[in-house]
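Presented below is the structure to which this report refers.
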Amino acid sequence: MAEITETAIRKVLDTVIDPVTGRSVAALGMVSGIATRAGHVAVTLEVDPARGTALEPLRQACEQAIRAMPGVLSATAVMTAERAAPSPPPPPAGHHGHSHGAPAAKTTPGKTTGGGGRIDVPGVKHIIAVASGKGGVGKSTTAVNLALGLAANGLTTGLLDADIYGPSMPRMLGVTEKPESADGKMLKPIEKYGLKTMSIGYIVNEDTPMIWRGPMVSSALEQMLRDVQWGELDVLVVDMPPGTGDAQLTLAQRVALAGAVIVSTPQDIALVDARKGLNMFRKVAVPVLGIVENMSYFLCPHCGERSEIFGHGGAREEADKLGVPFLGEIPLHLDIRTTSDSGHPIVVSKPDSAHAQAYKNIAGRVWKQLSANQRGARKAPNIVVQ
């Protein structure tokens, strides 16, 4: 495979011409970041927010030009507009605005672009978010085993790792291979344990920090939804980053979420943050499917004695107060931790264990909620910030 260098990529991008200015995206200083790994290329374009969706053809032209490079398996260009771009210099004398670079690609029907429209994921019946108000409550472990529990209940299931800053799926699922692309445009999800999965961690090295700001995170999340061949799925589980930031708002505003599952530990300080996450989804008209109490109690692996380290029952009480279903409790147990760290989650590595059954039961309750809510399709809401 030919080596793909940053210099070579910038040289190719110097042939992609902005028709408004008559200058290339490289000459305009729009290329703010380039990352390559095993034939996969990601480029960040810093753009003038005033031009917004008008630059979508230019973004697609950048992807098209990079895909044509020898050795490139896939190319992704994301636009960010953290600040207004400086006014570009005038076109060279005698230039009449004709593009001499890669032609702008046409927008694919049925797919939204970077302008705030709805993101459709054809073939996926239900998209659910697994969220928490804060980190460290075992949300990713819950998301993985919930997805596996849904699959164990006979449902075709996908899993999207939306935690751009701290992707967990490569480690938890034991995935070391890179996603492939047959056409250089759509990525094939990596299938593991019967799940179709995708994570930014499949493309970026585990120890590489993602120093991205909000718009870049949102754009990457959108592309992992719309530019992956998810196929026909009953449920797509999205492991959200903790908190109530850009990724959550992107999903809530632009995707017709079927519901959200909130994960919390029993203690009061965690429940305060879980309540914030729950209320965020309510404000944007996303059904809350219920609350899971993780680390509900500690089971000693040697003697089996139960200790309520973080208290117990707080999430159940909170669910009752807020009028949402309580989906179940998961203990703090060594087996759950070790199986997740080893890439063999407990639902598949010890499917007959009590802990695996607890996840399967939660999955069954989630599916029951989804089925009950299926009477009318929920439209993506409009968010008004006041």
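Every chain in the structure tokens takes a letter, A first, then B, and so on in the order presented; its residues are numbered from 1, and the ligands are numbered from 1 following the presented order.
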
Would you return as JSON, numbers by chain the members of region 223-290 of chain A that DSSP assigns to strand (DSSP E or B) on this structure's backbone? {"A": [228, 233, 234, 235, 236, 237, 238, 239, 259, 260, 261, 262, 263, 264, 288, 289, 290]}

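The protein and nucleic acid residues lying at most 12 Å from Ala372 (chain A) are A:Ala258, A:Gly259, A:Pro287, A:Leu289, A:Arg365, A:Val366, with only C-alpha atoms considered and sequence neighbours fewer than 6 positions away removed.
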
DSSP-assigned helix (DSSP H, G or I) among region 138-206 of chain A, expressed as a ChimeraX atom specification: /A:139-152,169-173,200-202

Output file for the residues above (C-alpha atoms, as a PDB file, in the first residue's frame):
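This is the output file out-v3.pdb:
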```pdb
ATOM      1  CA  LYS A 139     -22.499   3.787  31.110  1.00  0.00           C
ATOM      2  CA  SER A 140     -20.400   2.151  28.384  1.00  0.00           C
ATOM      3  CA  THR A 141     -20.428  -1.221  30.131  1.00  0.00           C
ATOM      4  CA  THR A 142     -24.195  -0.912  30.378  1.00  0.00           C
ATOM      5  CA  ALA A 143     -24.533   0.115  26.716  1.00  0.00           C
ATOM      6  CA  VAL A 144     -22.466  -2.837  25.456  1.00  0.00           C
ATOM      7  CA  ASN A 145     -24.267  -5.426  27.560  1.00  0.00           C
ATOM      8  CA  LEU A 146     -27.656  -3.858  26.810  1.00  0.00           C
ATOM      9  CA  ALA A 147     -26.956  -4.166  23.081  1.00  0.00           C
ATOM     10  CA  LEU A 148     -25.833  -7.759  23.539  1.00  0.00           C
ATOM     11  CA  GLY A 149     -28.929  -8.398  25.650  1.00  0.00           C
ATOM     12  CA  LEU A 150     -31.153  -7.101  22.862  1.00  0.00           C
ATOM     13  CA  ALA A 151     -29.331  -9.356  20.397  1.00  0.00           C
ATOM     14  CA  ALA A 152     -29.723 -12.300  22.790  1.00  0.00           C
ATOM     15  CA  MET A 169     -15.833  -0.061  22.235  1.00  0.00           C
ATOM     16  CA  PRO A 170     -12.482  -1.222  20.771  1.00  0.00           C
ATOM     17  CA  ARG A 171     -11.364  -2.417  24.206  1.00  0.00           C
ATOM     18  CA  MET A 172     -14.730  -3.697  25.439  1.00  0.00           C
ATOM     19  CA  LEU A 173     -15.440  -5.661  22.262  1.00  0.00           C
ATOM     20  CA  ILE A 200     -13.962   6.532  16.229  1.00  0.00           C
ATOM     21  CA  GLY A 201     -11.618   4.301  18.213  1.00  0.00           C
ATOM     22  CA  TYR A 202     -11.541   1.857  15.291  1.00  0.00           C
TER      23      TYR A 202
END
```

Residues near Gly323 (chain A), anyone? I mean within 12 Å using only C-alpha atoms, not counting same-chain ones fewer than 2 positions away, as a PyMOL selection string. chain A and resi 275+278-279+282+287-291+315-321+325-326

Near Thr156 (chain A), counting only C-alpha atoms, which residues have an atom at most 7 Å away, once you skip same-chain residues fewer than 5 positions from it, shown as an mmCIF file with C-alpha atoms, in the first residue's frame?
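File out34.cif, as written:
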```cif
data_model
loop_
_atom_site.group_PDB
_atom_site.id
_atom_site.type_symbol
_atom_site.label_atom_id
_atom_site.label_comp_id
_atom_site.auth_asym_id
_atom_site.auth_seq_id
_atom_site.Cartn_x
_atom_site.Cartn_y
_atom_site.Cartn_z
ATOM 1 C CA ALA A 151 -29.331 -9.356 20.397
ATOM 2 C CA LEU A 233 -31.582 -3.179 12.320
ATOM 3 C CA ASP A 234 -34.298 -3.487 14.921
ATOM 4 C CA VAL A 235 -32.327 -1.292 17.315
#
```

How many Å lie between CA of Gly328 (chain A) and CA of Ala358 (chain A), rounded to one decimal? 7.4 Å

Neighbouring residues of Val78 (chain A) were defined as those with any atom within 10 Å, considering only C-alpha atoms; residues of the same chain fewer than 3 positions away were excluded. Please report them as JSON, numbers by chain. {"A": [33, 42, 43, 44, 45, 46, 56, 59, 60, 62, 63, 114, 215, 216, 217, 218, 219, 220, 222, 223]}

Written selection (C-alpha atoms) as a compact mmCIF listing (two decimals), in the first residue's frame:
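Saved the output as selection_29.txt:
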```txt
# COMPACT_ATOMS: atom_id res chain seq x y z
CA GLY A 33 -6.14 19.09 10.70
CA ALA A 42 -9.76 12.33 8.17
CA VAL A 43 -9.51 16.03 7.36
CA THR A 44 -10.83 18.99 9.33
CA LEU A 45 -11.85 22.13 7.41
CA GLU A 46 -12.23 25.39 9.28
CA GLU A 56 -21.12 21.31 1.59
CA ARG A 59 -16.46 19.43 1.60
CA GLN A 60 -17.63 16.57 -0.59
CA CYS A 62 -12.34 17.33 -0.75
CA GLU A 63 -13.43 13.81 0.16
CA GLY A 114 -23.95 19.89 7.62
CA PRO A 215 -18.77 21.35 15.93
CA MET A 216 -16.12 18.80 14.95
CA VAL A 217 -17.51 16.27 17.43
CA SER A 218 -21.05 16.80 16.14
CA SER A 219 -19.93 16.47 12.52
CA ALA A 220 -18.03 13.25 13.24
CA GLU A 222 -23.34 12.70 12.11
CA GLN A 223 -21.02 10.98 9.66
```

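Residues in contact with Thr5 (chain A) at 12 Å, where only C-alpha atoms are counted and same-chain residues fewer than 3 positions away are skipped, are listed as A:Ala2, A:Ala8, A:Ile9, A:Arg10, A:Lys11, A:Val12, A:Ile34, A:Ala35, A:Thr36, A:Arg37, A:Ala38, A:Gly39, A:His40, A:Val41, A:Ile66, A:Met69, A:Pro70, A:Gly71, A:Val72.
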
Option closest in space to Lys192 (chain A), from A:Ile362, A:Val130, A:Val348, A:Val286 [counting only C-alpha atoms]: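 Comparing A:Ile362, A:Val130, A:Val348, A:Val286 against Lys192 (chain A), the winner is A:Val348.
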